[in-house]
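A.B. asks: Supplied structure: start-v9.txt, compact mmCIF, C-alpha atoms.
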# COMPACT_ATOMS: atom_id res chain seq x y z
CA MET A 58 0.00 0.00 0.00
CA LYS A 59 1.37 3.42 -0.93
CA PRO A 60 1.92 5.48 2.23
CA THR A 61 -0.12 8.59 2.81
CA LEU A 62 1.91 11.72 2.12
CA LEU A 63 2.07 14.94 4.06
CA GLY A 64 3.64 17.41 1.69
CA SER A 65 6.45 15.45 0.00
CA THR A 66 7.42 13.30 2.99
CA PRO A 67 5.74 9.92 3.61
CA LEU A 68 4.04 9.63 6.98
CA TYR A 69 6.16 6.66 8.00
CA ALA A 70 9.30 8.75 7.41
CA GLN A 71 7.89 11.53 9.59
CA VAL A 72 7.16 9.06 12.39
CA GLU A 73 10.63 7.55 11.98
CA ALA A 74 12.25 11.00 12.15
CA GLY A 75 10.20 11.98 15.20
CA LEU A 76 11.12 8.86 17.15
CA ALA A 77 14.78 9.07 16.06
CA ALA A 78 14.93 12.66 17.36
CA GLU A 79 13.54 11.56 20.73
CA ILE A 80 16.14 8.80 20.92
CA ALA A 81 18.92 11.24 20.09
CA SER A 82 17.75 13.74 22.71
CA GLY A 83 17.38 11.09 25.41
CA ALA A 84 13.63 11.58 25.70
CA LEU A 85 13.52 7.88 24.79
CA PRO A 86 16.51 6.58 26.80
CA THR A 87 18.78 3.69 25.86
CA GLY A 88 17.24 0.44 27.02
CA GLY A 89 13.83 2.06 27.48
CA GLN A 90 10.70 0.61 25.96
CA LEU A 91 8.79 2.47 23.29
CA PRO A 92 5.12 3.21 24.03
CA ALA A 93 2.58 0.64 22.87
CA GLU A 94 1.55 0.62 19.21
CA GLU A 95 -1.92 1.96 19.97
CA GLN A 96 -0.45 4.89 21.87
CA LEU A 97 1.98 5.77 19.09
CA MET A 98 -0.72 5.39 16.43
CA GLY A 99 -2.94 7.83 18.29
CA ARG A 100 -0.11 10.25 18.96
CA PHE A 101 1.06 10.45 15.35
CA GLY A 102 -2.35 9.88 13.78
CA VAL A 103 -1.17 7.02 11.57
CA SER A 104 -2.22 3.48 10.78
CA ARG A 105 -0.63 0.36 12.23
CA THR A 106 0.96 -0.36 8.84
CA THR A 107 2.55 3.08 8.71
CA LEU A 108 3.83 2.84 12.27
CA ARG A 109 5.33 -0.60 11.71
CA LYS A 110 7.12 0.65 8.58
CA ALA A 111 8.67 3.43 10.68
CA ILE A 112 9.71 0.95 13.38
CA GLU A 113 11.14 -1.39 10.75
CA ASN A 114 13.33 1.43 9.45
CA LEU A 115 14.50 2.29 12.98
CA VAL A 116 15.44 -1.36 13.51
CA GLY A 117 17.39 -1.27 10.25
CA ARG A 118 19.27 1.80 11.48
CA GLY A 119 20.15 0.03 14.73
CA LEU A 120 18.23 2.56 16.84
CA VAL A 121 15.65 0.15 18.26
CA GLU A 122 15.33 -3.59 18.71
CA ILE A 123 12.26 -5.79 18.88
CA ARG A 124 12.22 -8.33 21.71
CA ARG A 125 9.67 -11.01 21.01
CA GLY A 126 6.90 -11.10 23.56
CA LYS A 127 8.17 -7.96 25.29
CA GLY A 128 8.00 -5.02 22.91
CA THR A 129 10.29 -2.55 21.15
CA PHE A 130 13.23 -1.04 23.01
CA VAL A 131 15.80 1.67 22.33
CA ALA A 132 18.98 -0.12 21.34
CA GLN A 133 22.40 0.41 22.81
CA PRO A 134 24.17 2.62 20.25
CA ARG A 135 26.90 0.93 18.27
CA LEU A 136 30.47 2.06 18.65
CA THR A 137 32.57 2.54 15.53
CA GLN A 138 36.11 1.29 16.01
CA GLU A 139 38.84 2.13 13.51
CA LEU A 140 41.06 -0.72 12.34
CA THR A 141 44.05 1.35 11.26
CA GLN A 142 46.63 0.72 14.01
CA LEU A 143 47.67 -2.04 16.39
CA THR A 144 45.91 -1.05 19.59
CA GLY A 145 44.43 -2.87 22.56
CA PHE A 146 40.84 -2.83 23.77
CA ALA A 147 41.49 -0.32 26.55
CA GLU A 148 43.18 2.10 24.15
CA ASP A 149 40.32 1.75 21.66
CA MET A 150 37.62 2.42 24.23
CA ILE A 151 39.39 5.47 25.67
CA VAL A 152 39.54 6.98 22.18
CA LEU A 153 35.79 6.37 21.89
CA GLY A 154 35.15 8.15 25.20
CA LYS A 155 34.32 4.98 27.12
CA ASN A 156 35.65 3.67 30.43
CA PRO A 157 37.30 0.28 29.75
CA THR A 158 37.34 -2.43 32.40
CA ALA A 159 38.09 -6.14 32.39
CA ARG A 160 37.07 -9.27 34.23
CA LEU A 161 39.47 -12.21 34.33
CA LEU A 162 37.53 -15.42 33.70
CA ASP A 163 40.30 -18.00 33.50
CA LYS A 164 44.08 -18.38 33.25
CA ARG A 165 45.82 -21.71 32.86
CA ILE A 166 48.64 -23.58 31.17
CA VAL A 167 47.48 -25.62 28.18
CA GLU A 168 49.10 -27.53 25.35
CA ALA A 169 49.22 -25.66 22.05
CA ASP A 170 47.01 -27.22 19.42
CA SER A 171 48.01 -27.02 15.77
CA THR A 172 46.50 -23.55 15.28
CA VAL A 173 48.02 -21.99 18.40
CA ALA A 174 51.36 -23.65 17.68
CA GLN A 175 51.41 -22.31 14.13
CA GLN A 176 50.45 -18.78 15.19
CA LEU A 177 53.09 -18.62 17.95
CA ASN A 178 55.72 -20.54 15.95
CA LEU A 179 55.93 -23.29 18.55
CA PRO A 180 55.81 -27.10 18.36
CA VAL A 181 52.40 -28.70 18.66
CA GLY A 182 51.89 -29.65 22.31
CA ALA A 183 54.19 -26.92 23.65
CA LYS A 184 53.04 -25.39 26.94
CA VAL A 185 51.40 -21.97 26.58
CA TYR A 186 49.32 -19.74 28.81
CA ARG A 187 45.67 -19.30 27.87
CA ILE A 188 43.94 -16.28 29.37
CA GLU A 189 40.21 -15.61 29.07
CA ARG A 190 38.82 -12.18 29.87
CA LEU A 191 35.58 -10.27 29.50
CA ARG A 192 36.14 -6.71 28.29
CA LEU A 193 33.60 -4.01 29.14
CA ALA A 194 32.97 -0.41 28.10
CA ASP A 195 31.11 1.74 30.65
CA GLY A 196 30.13 -1.51 32.36
CA VAL A 197 28.65 -3.09 29.22
CA ALA A 198 30.15 -6.39 28.04
CA MET A 199 31.69 -5.82 24.61
CA SER A 200 34.26 -8.52 23.97
CA PHE A 201 35.25 -11.99 25.12
CA ASP A 202 39.02 -12.36 24.66
CA GLU A 203 40.90 -15.65 24.44
CA THR A 204 44.65 -14.92 24.57
CA TYR A 205 47.57 -17.32 24.13
CA LEU A 206 51.10 -16.40 25.23
CA PRO A 207 54.37 -18.36 25.15
CA LEU A 208 54.92 -19.93 28.55
CA ASP A 209 57.84 -17.76 29.66
CA ILE A 210 56.14 -14.43 29.07
CA GLY A 211 52.74 -15.81 30.06
CA GLU A 212 54.00 -16.73 33.52
CA LYS A 213 55.07 -13.12 34.01
CA VAL A 214 51.86 -11.60 32.68
CA VAL A 215 49.50 -13.74 34.80
CA SER A 216 51.29 -12.67 37.98
CA HIS A 217 49.57 -9.28 37.57
CA ASP A 218 45.99 -8.19 38.21
CA LEU A 219 44.53 -8.66 34.73
CA ASP A 220 41.27 -7.06 35.81
CA VAL A 221 43.21 -3.81 35.93
CA GLU A 222 46.36 -4.11 33.82
CA PRO A 223 46.01 -4.61 30.04
CA ILE A 224 48.26 -7.27 28.55
CA PHE A 225 49.62 -4.92 25.88
CA ASP A 226 50.69 -2.46 28.61
CA LEU A 227 52.42 -5.22 30.57
CA LEU A 228 54.26 -6.53 27.52
CA GLU A 229 55.54 -3.14 26.42
CA ASN A 230 55.97 -1.18 29.63
CA LYS A 231 56.72 -3.82 32.26
CA TYR A 232 58.59 -6.45 30.27
CA LEU A 233 59.93 -4.24 27.45
CA VAL A 234 58.51 -6.40 24.66
CA PRO A 235 57.60 -3.93 21.91
CA LEU A 236 54.63 -4.77 19.72
CA ILE A 237 55.64 -3.94 16.15
CA GLU A 238 52.82 -5.23 13.97
CA ALA A 239 49.92 -7.66 13.87
CA ARG A 240 48.11 -9.89 11.44
CA TYR A 241 44.31 -9.53 11.59
CA GLN A 242 41.49 -11.69 10.34
CA LEU A 243 37.89 -10.51 10.78
CA GLU A 244 34.82 -12.66 10.20
CA ALA A 245 31.18 -12.92 11.18
CA VAL A 246 30.34 -15.94 13.35
CA THR A 247 27.64 -17.04 15.76
CA ALA A 248 28.12 -17.20 19.53
CA GLU A 249 28.85 -20.60 21.02
CA ALA A 250 27.70 -21.36 24.54
CA ASN A 251 30.76 -20.15 26.47
CA VAL A 252 31.03 -16.92 24.49
CA ALA A 253 27.29 -16.27 24.68
CA ALA A 254 27.29 -16.76 28.45
CA ALA A 255 30.18 -14.34 28.91
CA LEU A 256 28.72 -11.64 26.65
CA GLY A 257 25.15 -12.03 27.87
CA VAL A 258 23.72 -12.88 24.44
CA LYS A 259 21.81 -15.87 23.14
CA VAL A 260 23.60 -18.91 21.77
CA GLY A 261 23.76 -18.40 18.01
CA ALA A 262 23.67 -14.59 18.23
CA PRO A 263 25.71 -12.84 15.50
CA ILE A 264 29.14 -11.70 16.69
CA PHE A 265 32.40 -10.56 15.17
CA LEU A 266 35.50 -12.70 15.54
CA ILE A 267 38.89 -11.01 15.21
CA VAL A 268 41.82 -13.39 15.06
CA ARG A 269 44.98 -11.40 15.79
CA THR A 270 48.61 -12.41 16.06
CA SER A 271 50.94 -9.69 17.32
CA PHE A 272 54.67 -9.67 16.61
CA THR A 273 57.65 -8.20 18.42
CA LEU A 274 61.16 -7.45 17.19
CA GLY A 275 62.55 -9.79 14.55
CA GLY A 276 59.07 -10.84 13.45
CA LYS A 277 58.64 -13.06 16.51
CA PRO A 278 54.98 -13.86 17.33
CA ILE A 279 54.30 -13.03 20.98
CA ASP A 280 50.52 -12.81 21.42
CA TYR A 281 47.78 -14.81 19.67
CA GLU A 282 44.18 -13.79 20.35
CA LYS A 283 40.63 -14.66 19.43
CA LEU A 284 38.47 -11.61 20.15
CA PHE A 285 34.70 -12.12 20.10
CA TYR A 286 32.84 -8.79 19.83
CA ARG A 287 29.09 -8.29 20.20
CA GLY A 288 27.71 -7.69 16.75
CA ASP A 289 24.91 -5.49 18.06
CA LEU A 290 27.19 -3.04 19.85
CA ILE A 291 30.13 -2.37 17.57
CA ARG A 292 31.07 -1.83 13.97
CA PHE A 293 34.53 -1.69 12.44
CA SER A 294 35.84 0.88 10.01
CA THR A 295 39.04 1.26 8.04
CA THR A 296 40.48 3.47 5.31
CA LEU A 297 41.90 1.88 2.17
CA LEU A 298 44.27 3.44 -0.32
CA ARG A 299 43.97 2.62 -4.00
CA PRO A 300 47.21 1.12 -5.37
CA ALA A 301 49.30 3.35 -7.59
CA ARG A 302 48.78 2.80 -11.29
CA GLN A 303 51.78 1.73 -13.32
Do you think you could lay out the structure here as structure tokens?

C.D. replies:
Amino acid sequence: MKPTLLGSTPLYAQVEAGLAAEIASGALPTGGQLPAEEQLMGRFGVSRTTLRKAIENLVGRGLVEIRRGKGTFVAQPRLTQELTQLTGFAEDMIVLGKNPTARLLDKRIVEADSTVAQQLNLPVGAKVYRIERLRLADGVAMSFDETYLPLDIGEKVVSHDLDVEPIFDLLENKYLVPLIEARYQLEAVTAEANVAAALGVKVGAPIFLIVRTSFTLGGKPIDYEKLFYRGDLIRFSTTLLRPARQ
């Protein structure tokens, strides 16, 4: 059905703009529930079809989310993180104006499987330290980090309070291991049970997986990580240069 027009702007677009403005101003706060459909229909003087089209557009913009059986809620705004430099979570969140914190979930010595061994240039079965942490921004769970370190440096790192001290800071400032470069791989995956439980999302929820291996002097791999980011709270951005023409 063609939407009714008021001037040159469809009614659903006017409703969408009105609700988006209230979200931006805080009149509809993050996490708050939108009024019932009947109330919004009466307020804007539109049909259910028109209102639902406006809500659909707001969902598409990431401004609201529909929770089945509960209603429509103002979504947590997504952060945009630049992937242009080798930085740690705490550094990234500070740049974005957020307060980064961490929660250590597990630290233990494990045997390197074929993937970990390859990434850290170690024999399969070599002892490594595995560290699992939940990373938060302003108290909101953002990332579940699974970090693997060679045993010698891992033993040093885990002696610190990893709820407070970022691993990158410890490597560079405490143990004088400079981080020179990293190899990144980014893909979309679904949350398995342990990741979902840590991040507070449903099993199967869409998340980003960053696989990162960081290197120190001489091209030596020193830190291998699997970083699981909530897909509903963050987006990644980068700038690409076009290659020079011959």

A.B. asks: Please determine, counting all atoms listed in the file, which residue among A:Ile267, A:Leu206, A:Ile112, A:Leu136 has the shortest atom-to-atom distance to Ile151 of chain A.

C.D. replies: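 Closest residue, counting all atoms listed in the file: A:Leu136.
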
A.B. asks: Find the residues near Val167 of chain A: any atom within 10 Å, counting all atoms listed in the file, skip ones fewer than 4 places away on the same chain, and give them as a list of chain:residue names.

C.D. replies: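 Residues near the query, excluding close chain neighbours: A:Gly182, A:Ala183, A:Lys184, A:Val185, A:Tyr186, A:Arg187, A:Tyr205, A:Leu208.
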
A.B. asks: If I take atom CA of Thr247 of chain A and atom CA of Val260 of chain A, how far is one from the other in Å, to one decimal?

C.D. replies: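 These atoms are spaced 7.5 Å apart.
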
A.B. asks: Which is closer to Lys283 of chain A than all the others in A:Val268, A:Ala245, A:Ile237, A:Leu108, using all atoms listed in the file?

C.D. replies: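 For Lys283 of chain A, the nearest of the given residues is A:Val268.
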
A.B. asks: Rank nothing, just name the residue among A:Leu140, A:Ala254, A:Ala111, A:Ala78 nearest to Glu94 of chain A, using only C-alpha atoms.

C.D. replies: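 Selected residue with least distance to Glu94 of chain A: A:Ala111.
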
A.B. asks: Name the closest residue to Pro235 of chain A among the candidates A:Ser200, A:Thr137, A:Thr129, A:Ser271; distances are taken between atoms, counting only C-alpha atoms.

C.D. replies: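 Of the candidates, the smallest distance to Pro235 of chain A is held by A:Ser271.
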
A.B. asks: Which residues, written as a PyMOL selection string, have at least one atom at most 8 Å from Glu139 of chain A, with all atoms listed in the file counted and residues fewer than 2 positions away on the same chain left out?

C.D. replies: chain A and resi 137+141-142+293-295

A.B. asks: Around (55.6, -9.1, 33.8), as given in the file, which residues come within 6 Å? Count only C-alpha atoms and list them as a list in words.

C.D. replies: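 Using only C-alpha atoms, the matching residues come out as Lys213, Val214, Leu227, Lys231 and Tyr232 of chain A.
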
A.B. asks: Write out as a PyMOL selection string each polymer residue whose atoms come within 12 Å of Lys127 of chain A, counting all atoms listed in the file; drop sequence neighbours fewer than 5 positions from it.

C.D. replies: chain A and resi 89-93+122

A.B. asks: Could you please determine the separation between atom CA of Ala159 of chain A and atom CA of Arg287 of chain A in Å, to one decimal place?

C.D. replies: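 Value for the atom CA of Ala159 of chain A-atom CA of Arg287 of chain A distance: 15.3 Å.
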
A.B. asks: Output segment 96-117 of chain A as a compact mmCIF listing (two decimals), in the coordinates of the input, making sure N, CA and C atoms are there.

C.D. replies:
# COMPACT_ATOMS: atom_id res chain seq x y z
N GLN A 96 -0.79 3.55 21.39
CA GLN A 96 -0.45 4.89 21.87
C GLN A 96 0.28 5.70 20.81
N LEU A 97 1.23 5.06 20.13
CA LEU A 97 1.98 5.77 19.09
C LEU A 97 1.10 6.07 17.88
N MET A 98 0.20 5.15 17.54
CA MET A 98 -0.72 5.39 16.43
C MET A 98 -1.60 6.60 16.71
N GLY A 99 -2.10 6.69 17.93
CA GLY A 99 -2.94 7.83 18.29
C GLY A 99 -2.15 9.13 18.33
N ARG A 100 -0.94 9.05 18.84
CA ARG A 100 -0.11 10.25 18.96
C ARG A 100 0.25 10.83 17.60
N PHE A 101 0.63 9.96 16.66
CA PHE A 101 1.06 10.45 15.35
C PHE A 101 -0.09 10.49 14.34
N GLY A 102 -1.22 9.89 14.70
CA GLY A 102 -2.35 9.88 13.78
C GLY A 102 -2.11 9.06 12.54
N VAL A 103 -1.51 7.86 12.72
CA VAL A 103 -1.17 7.02 11.57
C VAL A 103 -1.75 5.62 11.78
N SER A 104 -1.74 4.85 10.71
CA SER A 104 -2.22 3.48 10.78
C SER A 104 -1.15 2.56 11.37
N ARG A 105 -1.57 1.35 11.70
CA ARG A 105 -0.63 0.36 12.23
C ARG A 105 0.45 0.03 11.19
N THR A 106 0.01 -0.06 9.92
CA THR A 106 0.96 -0.36 8.84
C THR A 106 2.03 0.72 8.73
N THR A 107 1.61 1.97 8.80
CA THR A 107 2.55 3.08 8.71
C THR A 107 3.51 3.08 9.89
N LEU A 108 2.99 2.87 11.09
CA LEU A 108 3.83 2.84 12.27
C LEU A 108 4.85 1.71 12.19
N ARG A 109 4.41 0.54 11.77
CA ARG A 109 5.33 -0.60 11.71
C ARG A 109 6.42 -0.39 10.66
N LYS A 110 6.10 0.32 9.57
CA LYS A 110 7.12 0.65 8.58
C LYS A 110 8.17 1.57 9.20
N ALA A 111 7.74 2.53 10.01
CA ALA A 111 8.67 3.43 10.68
C ALA A 111 9.56 2.66 11.66
N ILE A 112 8.95 1.76 12.42
CA ILE A 112 9.71 0.95 13.38
C ILE A 112 10.70 0.05 12.65
N GLU A 113 10.26 -0.53 11.55
CA GLU A 113 11.14 -1.39 10.75
C GLU A 113 12.39 -0.62 10.31
N ASN A 114 12.20 0.62 9.89
CA ASN A 114 13.33 1.43 9.45
C ASN A 114 14.26 1.75 10.63
N LEU A 115 13.68 2.01 11.80
CA LEU A 115 14.50 2.29 12.98
C LEU A 115 15.31 1.06 13.39
N VAL A 116 14.71 -0.12 13.24
CA VAL A 116 15.44 -1.36 13.51
C VAL A 116 16.61 -1.48 12.54
N GLY A 117 16.35 -1.21 11.26
CA GLY A 117 17.39 -1.27 10.25
C GLY A 117 18.53 -0.31 10.51
